[in-house]
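Below: work_2.cif (mmCIF, N, CA and C atoms)
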data_entry
loop_
_atom_site.label_atom_id
_atom_site.label_comp_id
_atom_site.auth_asym_id
_atom_site.auth_seq_id
_atom_site.Cartn_x
_atom_site.Cartn_y
_atom_site.Cartn_z
N MET W 1 -2.52 33.54 -1.60
CA MET W 1 -2.84 32.13 -1.65
C MET W 1 -3.14 31.61 -0.24
N SER W 2 -4.08 30.75 -0.17
CA SER W 2 -4.45 30.15 1.11
C SER W 2 -3.48 29.03 1.45
N ASN W 3 -3.27 28.84 2.76
CA ASN W 3 -2.44 27.72 3.18
C ASN W 3 -3.30 26.63 3.81
N ASP W 4 -4.60 26.63 3.51
CA ASP W 4 -5.48 25.59 4.01
C ASP W 4 -5.16 24.27 3.31
N LEU W 5 -4.90 23.27 4.09
CA LEU W 5 -4.56 21.96 3.54
C LEU W 5 -5.67 20.99 3.87
N PHE W 6 -6.49 20.67 2.90
CA PHE W 6 -7.58 19.72 3.07
C PHE W 6 -7.46 18.65 1.99
N ILE W 7 -7.70 17.42 2.36
CA ILE W 7 -7.64 16.35 1.37
C ILE W 7 -8.91 16.38 0.53
N ARG W 8 -8.76 16.02 -0.74
CA ARG W 8 -9.89 16.00 -1.68
C ARG W 8 -10.24 14.56 -1.98
N ASP W 9 -11.51 14.23 -1.77
CA ASP W 9 -11.98 12.85 -1.92
C ASP W 9 -12.27 12.53 -3.38
N HIS W 10 -11.72 11.41 -3.85
CA HIS W 10 -12.01 10.84 -5.16
C HIS W 10 -12.48 9.41 -4.94
N GLN W 11 -12.89 8.74 -6.00
CA GLN W 11 -13.50 7.41 -5.85
C GLN W 11 -12.60 6.42 -5.11
N ASP W 12 -11.34 6.29 -5.52
CA ASP W 12 -10.47 5.28 -4.91
C ASP W 12 -9.30 5.87 -4.13
N HIS W 13 -9.24 7.21 -4.04
CA HIS W 13 -8.13 7.84 -3.34
C HIS W 13 -8.50 9.24 -2.86
N TRP W 14 -7.62 9.77 -2.02
CA TRP W 14 -7.70 11.17 -1.64
C TRP W 14 -6.50 11.86 -2.26
N LEU W 15 -6.71 13.08 -2.71
CA LEU W 15 -5.62 13.88 -3.25
C LEU W 15 -5.20 14.88 -2.18
N LEU W 16 -3.93 14.87 -1.86
CA LEU W 16 -3.37 15.83 -0.93
C LEU W 16 -2.85 16.99 -1.77
N PRO W 17 -3.49 18.14 -1.75
CA PRO W 17 -3.18 19.20 -2.71
C PRO W 17 -1.93 20.00 -2.35
N ILE W 18 -0.78 19.34 -2.42
CA ILE W 18 0.48 20.01 -2.07
C ILE W 18 1.37 20.19 -3.29
N GLU W 19 0.75 20.29 -4.46
CA GLU W 19 1.53 20.51 -5.67
C GLU W 19 2.37 21.76 -5.48
N MET W 20 3.57 21.72 -5.97
CA MET W 20 4.54 22.80 -5.89
C MET W 20 5.19 22.91 -4.51
N GLY W 21 4.80 22.06 -3.56
CA GLY W 21 5.52 22.01 -2.29
C GLY W 21 6.93 21.49 -2.57
N VAL W 22 7.90 21.91 -1.77
CA VAL W 22 9.30 21.56 -2.01
C VAL W 22 9.82 20.68 -0.88
N VAL W 23 10.52 19.60 -1.25
CA VAL W 23 11.15 18.73 -0.26
C VAL W 23 12.37 19.46 0.29
N VAL W 24 12.30 19.86 1.55
CA VAL W 24 13.37 20.64 2.15
C VAL W 24 14.27 19.82 3.07
N ARG W 25 13.83 18.60 3.42
CA ARG W 25 14.65 17.77 4.29
C ARG W 25 14.28 16.31 4.09
N CYS W 26 15.30 15.45 4.12
CA CYS W 26 15.12 13.99 4.12
C CYS W 26 15.95 13.46 5.28
N THR W 27 15.34 12.69 6.17
CA THR W 27 16.08 12.07 7.25
C THR W 27 15.79 10.57 7.24
N PHE W 28 16.73 9.82 7.79
CA PHE W 28 16.64 8.37 7.76
C PHE W 28 16.97 7.77 9.12
N ASP W 29 16.23 6.74 9.50
CA ASP W 29 16.56 5.89 10.64
C ASP W 29 16.15 4.49 10.22
N TYR W 30 15.14 3.90 10.81
CA TYR W 30 14.63 2.62 10.30
C TYR W 30 13.53 2.88 9.27
N GLY W 31 13.42 4.10 8.88
CA GLY W 31 12.48 4.52 7.85
C GLY W 31 12.98 5.80 7.23
N CYS W 32 12.09 6.52 6.58
CA CYS W 32 12.43 7.75 5.88
C CYS W 32 11.41 8.82 6.22
N VAL W 33 11.89 10.03 6.50
CA VAL W 33 11.00 11.16 6.73
C VAL W 33 11.32 12.25 5.73
N LEU W 34 10.30 12.68 5.01
CA LEU W 34 10.42 13.80 4.08
C LEU W 34 9.72 14.99 4.70
N GLU W 35 10.38 16.14 4.70
CA GLU W 35 9.73 17.37 5.12
C GLU W 35 9.47 18.19 3.87
N ILE W 36 8.22 18.56 3.69
CA ILE W 36 7.80 19.31 2.51
C ILE W 36 7.28 20.67 2.97
N ALA W 37 7.84 21.73 2.39
CA ALA W 37 7.37 23.08 2.68
C ALA W 37 6.33 23.45 1.63
N TRP W 38 5.15 23.84 2.10
CA TRP W 38 4.05 24.18 1.18
C TRP W 38 3.24 25.33 1.77
N ARG W 39 3.29 26.47 1.12
CA ARG W 39 2.48 27.63 1.49
C ARG W 39 2.55 27.97 2.98
N GLY W 40 3.74 27.93 3.52
CA GLY W 40 3.93 28.28 4.92
C GLY W 40 3.69 27.14 5.90
N LEU W 41 3.28 25.99 5.42
CA LEU W 41 3.07 24.82 6.27
C LEU W 41 4.25 23.87 6.15
N SER W 42 4.45 23.10 7.21
CA SER W 42 5.43 22.02 7.20
C SER W 42 4.67 20.71 7.18
N ILE W 43 4.94 19.89 6.16
CA ILE W 43 4.27 18.60 5.99
C ILE W 43 5.34 17.52 6.10
N ASN W 44 5.13 16.58 7.01
CA ASN W 44 6.07 15.48 7.18
C ASN W 44 5.45 14.18 6.71
N VAL W 45 6.18 13.48 5.87
CA VAL W 45 5.77 12.17 5.38
C VAL W 45 6.77 11.17 5.92
N ARG W 46 6.30 10.26 6.77
CA ARG W 46 7.18 9.23 7.35
C ARG W 46 6.77 7.88 6.77
N ILE W 47 7.74 7.20 6.17
CA ILE W 47 7.51 5.87 5.61
C ILE W 47 8.39 4.89 6.36
N GLU W 48 7.77 3.87 6.97
CA GLU W 48 8.52 2.90 7.75
C GLU W 48 8.60 1.54 7.07
N GLY W 49 7.86 1.36 6.01
CA GLY W 49 7.90 0.10 5.28
C GLY W 49 8.77 0.22 4.05
N ASP W 50 8.66 -0.78 3.19
CA ASP W 50 9.39 -0.74 1.93
C ASP W 50 8.88 0.39 1.05
N ILE W 51 9.78 0.95 0.27
CA ILE W 51 9.45 2.06 -0.62
C ILE W 51 9.75 1.65 -2.05
N LEU W 52 8.75 1.75 -2.92
CA LEU W 52 8.98 1.58 -4.34
C LEU W 52 9.56 2.90 -4.85
N PHE W 53 10.76 2.84 -5.39
CA PHE W 53 11.48 4.02 -5.87
C PHE W 53 11.59 3.90 -7.38
N ARG W 54 10.89 4.82 -8.08
CA ARG W 54 10.85 4.74 -9.54
C ARG W 54 11.45 6.01 -10.14
N THR W 55 12.36 5.81 -11.10
CA THR W 55 12.91 6.91 -11.89
C THR W 55 12.72 6.56 -13.36
N LYS W 56 13.14 7.46 -14.23
CA LYS W 56 13.02 7.17 -15.67
C LYS W 56 13.90 5.99 -16.08
N ASP W 57 14.88 5.63 -15.22
CA ASP W 57 15.79 4.52 -15.51
C ASP W 57 15.30 3.17 -15.01
N GLY W 58 14.20 3.16 -14.24
CA GLY W 58 13.69 1.89 -13.73
C GLY W 58 13.17 2.06 -12.32
N GLU W 59 12.91 0.93 -11.67
CA GLU W 59 12.40 0.97 -10.31
C GLU W 59 13.06 -0.08 -9.46
N LYS W 60 13.04 0.17 -8.14
CA LYS W 60 13.60 -0.78 -7.17
C LYS W 60 12.88 -0.60 -5.85
N ILE W 61 13.01 -1.58 -5.00
CA ILE W 61 12.43 -1.52 -3.67
C ILE W 61 13.53 -1.12 -2.69
N LEU W 62 13.25 -0.08 -1.91
CA LEU W 62 14.18 0.37 -0.88
C LEU W 62 13.59 0.00 0.47
N SER W 63 14.43 -0.49 1.36
CA SER W 63 13.96 -0.95 2.66
C SER W 63 14.63 -0.17 3.78
N GLY W 64 13.83 0.19 4.78
CA GLY W 64 14.38 0.85 5.96
C GLY W 64 15.25 -0.06 6.80
N GLU W 65 15.20 -1.37 6.53
CA GLU W 65 16.06 -2.29 7.26
C GLU W 65 17.53 -2.06 6.94
N ASP W 66 17.81 -1.45 5.80
CA ASP W 66 19.17 -1.05 5.44
C ASP W 66 19.11 0.42 5.03
N ALA W 67 19.30 1.30 6.01
CA ALA W 67 19.14 2.74 5.78
C ALA W 67 20.10 3.26 4.71
N THR W 68 21.21 2.58 4.46
CA THR W 68 22.13 3.06 3.42
C THR W 68 21.48 3.01 2.05
N LEU W 69 20.54 2.09 1.84
CA LEU W 69 19.82 2.02 0.57
C LEU W 69 18.89 3.22 0.38
N LEU W 70 18.40 3.75 1.49
CA LEU W 70 17.44 4.85 1.41
C LEU W 70 18.07 6.14 0.90
N THR W 71 19.39 6.22 0.91
CA THR W 71 20.03 7.47 0.48
C THR W 71 19.71 7.84 -0.96
N GLU W 72 19.28 6.90 -1.77
CA GLU W 72 18.88 7.22 -3.15
C GLU W 72 17.72 8.20 -3.17
N ILE W 73 16.96 8.22 -2.09
CA ILE W 73 15.83 9.13 -1.99
C ILE W 73 16.29 10.59 -2.01
N LEU W 74 17.56 10.83 -1.71
CA LEU W 74 18.06 12.20 -1.73
C LEU W 74 17.91 12.87 -3.10
N LEU W 75 17.63 12.09 -4.13
CA LEU W 75 17.36 12.67 -5.45
C LEU W 75 16.16 13.62 -5.43
N ILE W 76 15.27 13.47 -4.46
CA ILE W 76 14.10 14.35 -4.43
C ILE W 76 14.31 15.59 -3.56
N LEU W 77 15.45 15.70 -2.90
CA LEU W 77 15.73 16.87 -2.08
C LEU W 77 15.69 18.12 -2.96
N ASN W 78 14.98 19.14 -2.52
CA ASN W 78 14.79 20.41 -3.23
C ASN W 78 13.94 20.29 -4.49
N GLN W 79 13.28 19.16 -4.67
CA GLN W 79 12.37 18.97 -5.81
C GLN W 79 10.95 19.35 -5.41
N LYS W 80 10.15 19.72 -6.39
CA LYS W 80 8.75 20.06 -6.15
C LYS W 80 7.88 18.81 -6.25
N VAL W 81 6.81 18.81 -5.48
CA VAL W 81 5.82 17.74 -5.53
C VAL W 81 4.90 17.99 -6.71
N ASP W 82 4.75 17.00 -7.58
CA ASP W 82 3.78 17.08 -8.69
C ASP W 82 2.41 16.59 -8.24
N SER W 83 2.37 15.50 -7.45
CA SER W 83 1.10 15.01 -6.92
C SER W 83 1.36 14.13 -5.70
N ALA W 84 0.35 14.08 -4.84
CA ALA W 84 0.41 13.24 -3.64
C ALA W 84 -0.96 12.58 -3.49
N LYS W 85 -1.00 11.26 -3.65
CA LYS W 85 -2.25 10.51 -3.57
C LYS W 85 -2.20 9.50 -2.44
N VAL W 86 -3.28 9.46 -1.69
CA VAL W 86 -3.47 8.50 -0.62
C VAL W 86 -4.61 7.60 -1.05
N PHE W 87 -4.30 6.36 -1.41
CA PHE W 87 -5.33 5.44 -1.88
C PHE W 87 -6.06 4.82 -0.70
N LYS W 88 -7.32 4.54 -0.90
CA LYS W 88 -8.17 4.05 0.17
C LYS W 88 -7.82 2.64 0.62
N ASP W 89 -6.95 1.95 -0.13
CA ASP W 89 -6.48 0.63 0.30
C ASP W 89 -5.18 0.72 1.10
N GLY W 90 -4.72 1.95 1.37
CA GLY W 90 -3.52 2.14 2.18
C GLY W 90 -2.25 2.45 1.42
N LYS W 91 -2.32 2.58 0.13
CA LYS W 91 -1.14 2.90 -0.66
C LYS W 91 -0.93 4.41 -0.73
N LEU W 92 0.31 4.83 -0.68
CA LEU W 92 0.69 6.23 -0.79
C LEU W 92 1.57 6.39 -2.02
N VAL W 93 1.29 7.37 -2.87
CA VAL W 93 2.08 7.61 -4.08
C VAL W 93 2.42 9.10 -4.15
N LEU W 94 3.72 9.38 -4.21
CA LEU W 94 4.21 10.76 -4.33
C LEU W 94 5.00 10.89 -5.62
N ASP W 95 4.63 11.85 -6.46
CA ASP W 95 5.33 12.12 -7.72
C ASP W 95 6.04 13.46 -7.59
N PHE W 96 7.27 13.52 -8.13
CA PHE W 96 8.09 14.72 -8.00
C PHE W 96 8.47 15.28 -9.36
N SER W 97 8.90 16.54 -9.36
CA SER W 97 9.17 17.27 -10.60
C SER W 97 10.33 16.70 -11.41
N ASN W 98 11.21 15.92 -10.79
CA ASN W 98 12.32 15.33 -11.51
C ASN W 98 12.01 13.92 -12.01
N GLU W 99 10.73 13.60 -12.12
CA GLU W 99 10.25 12.32 -12.64
C GLU W 99 10.56 11.14 -11.72
N VAL W 100 10.71 11.41 -10.44
CA VAL W 100 10.88 10.35 -9.44
C VAL W 100 9.53 10.13 -8.77
N THR W 101 9.20 8.86 -8.54
CA THR W 101 7.99 8.49 -7.82
C THR W 101 8.38 7.64 -6.62
N LEU W 102 7.78 7.95 -5.46
CA LEU W 102 7.90 7.10 -4.28
C LEU W 102 6.52 6.54 -3.99
N ALA W 103 6.45 5.24 -3.70
CA ALA W 103 5.18 4.61 -3.35
C ALA W 103 5.40 3.70 -2.16
N ALA W 104 4.44 3.71 -1.26
CA ALA W 104 4.49 2.85 -0.08
C ALA W 104 3.15 2.16 0.07
N SER W 105 3.18 0.88 0.35
CA SER W 105 1.95 0.11 0.57
C SER W 105 1.74 -0.08 2.06
N SER W 106 0.57 -0.58 2.40
CA SER W 106 0.26 -0.87 3.80
C SER W 106 1.00 -2.13 4.25
N SER W 107 0.98 -2.35 5.55
CA SER W 107 1.55 -3.56 6.14
C SER W 107 0.48 -4.20 7.02
N VAL W 108 0.51 -5.51 7.14
CA VAL W 108 -0.43 -6.17 8.06
C VAL W 108 0.07 -6.11 9.50
N GLU W 109 1.36 -5.76 9.69
CA GLU W 109 1.97 -5.82 11.01
C GLU W 109 2.15 -4.48 11.71
N TYR W 110 2.25 -3.38 10.98
CA TYR W 110 2.58 -2.10 11.61
C TYR W 110 2.03 -0.95 10.77
N GLU W 111 2.12 0.26 11.33
CA GLU W 111 1.73 1.47 10.61
C GLU W 111 2.82 1.76 9.59
N ALA W 112 2.51 1.58 8.31
CA ALA W 112 3.52 1.64 7.25
C ALA W 112 3.97 3.06 6.94
N TRP W 113 3.08 4.02 7.07
CA TRP W 113 3.42 5.40 6.76
C TRP W 113 2.43 6.34 7.44
N GLN W 114 2.84 7.60 7.55
CA GLN W 114 1.95 8.61 8.07
C GLN W 114 2.33 9.97 7.53
N ILE W 115 1.34 10.84 7.46
CA ILE W 115 1.53 12.21 7.01
C ILE W 115 1.01 13.11 8.12
N THR W 116 1.84 14.09 8.51
CA THR W 116 1.40 15.08 9.48
C THR W 116 1.69 16.46 8.93
N SER W 117 0.85 17.41 9.34
CA SER W 117 1.03 18.78 8.88
C SER W 117 0.92 19.73 10.05
N SER W 118 1.60 20.85 9.94
CA SER W 118 1.57 21.84 11.00
C SER W 118 0.19 22.48 11.18
N ASN W 119 -0.76 22.21 10.27
CA ASN W 119 -2.12 22.74 10.44
C ASN W 119 -3.05 21.74 11.15
N GLY W 120 -2.51 20.58 11.55
CA GLY W 120 -3.30 19.60 12.28
C GLY W 120 -3.74 18.39 11.49
N LEU W 121 -3.57 18.41 10.17
CA LEU W 121 -3.92 17.23 9.37
C LEU W 121 -2.98 16.08 9.74
N ARG W 122 -3.56 14.91 9.91
CA ARG W 122 -2.76 13.71 10.18
C ARG W 122 -3.45 12.54 9.50
N ILE W 123 -2.67 11.76 8.74
CA ILE W 123 -3.17 10.56 8.07
C ILE W 123 -2.21 9.43 8.43
N VAL W 124 -2.75 8.36 8.97
CA VAL W 124 -1.92 7.21 9.36
C VAL W 124 -2.45 5.97 8.66
N CYS W 125 -1.55 5.23 8.03
CA CYS W 125 -1.90 3.96 7.42
C CYS W 125 -1.76 2.88 8.49
N MET W 126 -2.88 2.44 9.01
CA MET W 126 -2.93 1.46 10.09
C MET W 126 -2.59 0.06 9.56
N PRO W 127 -2.23 -0.87 10.45
CA PRO W 127 -1.99 -2.24 10.01
C PRO W 127 -3.19 -2.77 9.22
N GLY W 128 -2.92 -3.37 8.08
CA GLY W 128 -3.98 -3.90 7.23
C GLY W 128 -4.47 -2.92 6.18
N GLY W 129 -4.02 -1.66 6.23
CA GLY W 129 -4.37 -0.69 5.20
C GLY W 129 -5.47 0.29 5.54
N GLU W 130 -6.14 0.09 6.69
CA GLU W 130 -7.16 1.07 7.08
C GLU W 130 -6.48 2.41 7.35
N LEU W 131 -7.13 3.49 6.95
CA LEU W 131 -6.57 4.82 7.16
C LEU W 131 -7.27 5.52 8.31
N ALA W 132 -6.47 6.10 9.20
CA ALA W 132 -6.99 6.96 10.27
C ALA W 132 -6.67 8.39 9.84
N ILE W 133 -7.70 9.23 9.82
CA ILE W 133 -7.53 10.60 9.33
C ILE W 133 -8.05 11.59 10.35
N TRP W 134 -7.18 12.51 10.76
CA TRP W 134 -7.57 13.63 11.59
C TRP W 134 -7.49 14.87 10.72
N ARG W 135 -8.57 15.57 10.62
CA ARG W 135 -8.63 16.76 9.75
C ARG W 135 -8.33 18.01 10.55
N PRO W 136 -7.80 19.04 9.88
CA PRO W 136 -7.54 20.30 10.57
C PRO W 136 -8.83 20.90 11.11
N GLU W 137 -8.73 21.60 12.21
CA GLU W 137 -9.92 22.24 12.79
C GLU W 137 -10.19 23.56 12.11
#
Just give me the structure of the file as structure tokens.
Amino acid sequence: MSNDLFIRDHQDHWLLPIEMGVVVRCTFDYGCVLEIAWRGLSINVRIEGDILFRTKDGEKILSGEDATLLTEILLILNQKVDSAKVFKDGKLVLDFSNEVTLAASSSVEYEAWQITSSNGLRIVCMPGGELAIWRPE
């Protein structure tokens, strides 16, 4: 299997093809960082804004302003990624094998989230929702 990580362009979003990647680490400060292992690559997803946290039991907004609330995200530790979508309006949606979804929207004031990979891919949600994308060489 190839470990080439390239985003796939769709009409209103890009698909980050990391299905079956496993969340191997979750860290918290004023935001949340997920480390996903996928085909020998390390992919980091950092969310600094509010996070929509959805399970089969309902949904709630988690805020990095109170890091103790973010601990619910530990439910995705060791779970597989079902899909990862980066919408062109700045929204990020991650679905996991245990039926948990994390979603983050853009902010007008700061970079709300970013994705980096050990192969050089970097996606940053700039203030206002514009996306800055650096592709692997």
What residues come out when you apply the PyMOL selection byres ((chain W and resi 88-92) around 8) to this file, written as a ChimeraX atom specification? /W:11-14,84-87,93-95,102-107,113,124-126,128-131
If we count only C-alpha atoms, what is near stretch 54-59 of chain W at a cut-off of 7 Å, once residues fewer than 6 positions away on the same chain are taken out, given as a PyMOL selection string? chain W and resi 99-102
Residues returned when the PyMOL selection byres ((chain W and resi 134) around 6) runs on this file, as a PyMOL selection string: chain W and resi 120-123+132-133+135-136
Top pick for closest residue to W:Ile51, considering W:Leu15, W:Asn119, W:Ala112, W:Trp38 and counting only C-alpha atoms: W:Ala112
I need the strand (DSSP E) residues of stretch 40-105 of chain W per DSSP on the backbone, written as an MDAnalysis selection string. chainID W and resid 41:47 51:55 58:62 81:87 92:96 101:104
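Atom C of W:Ser83 lies 15.1 Å from atom CA of W:Arg46.
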Interatomic distance (Å, one decimal) between atom N of W:Asp82 and atom CA of W:Thr116: 17.5 Å
Exercise: residues within 6 Å of coordinate (13.1, -0.4, -0.5), counting all atoms listed in the file, as a PyMOL selection string: chain W and resi 50-52+60-64
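Residue nearest W:Cys26, chosen from W:Ala67, W:Val81, W:Leu41, W:Leu74 and counting all atoms listed in the file: W:Leu74.
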What does the distance from atom N of W:Thr71 to atom CA of W:Ser117 come to in Å, to one decimal?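 Atom CA of W:Ser117 lies 23.6 Å from atom N of W:Thr71.
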Nearest to W:Ser97: which of W:Gly49, W:Val24, W:Glu109, W:Asn78 is it, counting all atoms listed in the file? W:Asn78
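With all atoms listed in the file as the atoms that count, the minimum distance from W:Asp66 to the choices W:Phe6, W:Arg25, W:Met20, W:Gly31 is reached by W:Gly31.
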Among stretch 9-128 of chain W, which residues does DSSP mark as helix (DSSP H, G or I) when it is run on the backbone? Keep the chain and numbering as in the structure and answer as a list in words.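 DSSP-assigned helix (DSSP H, G or I) residues in stretch 9-128 of chain W: Ala67, Thr68, Leu69, Leu70, Thr71, Glu72, Ile73, Leu74, Leu75 and Ile76 of chain W.
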Counting only N, CA and C atoms, which of W:Glu65, W:Arg8, W:Ile18, W:Glu137 gets nearest to W:Arg39?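 Under the stated criterion, the closest residue is W:Ile18.
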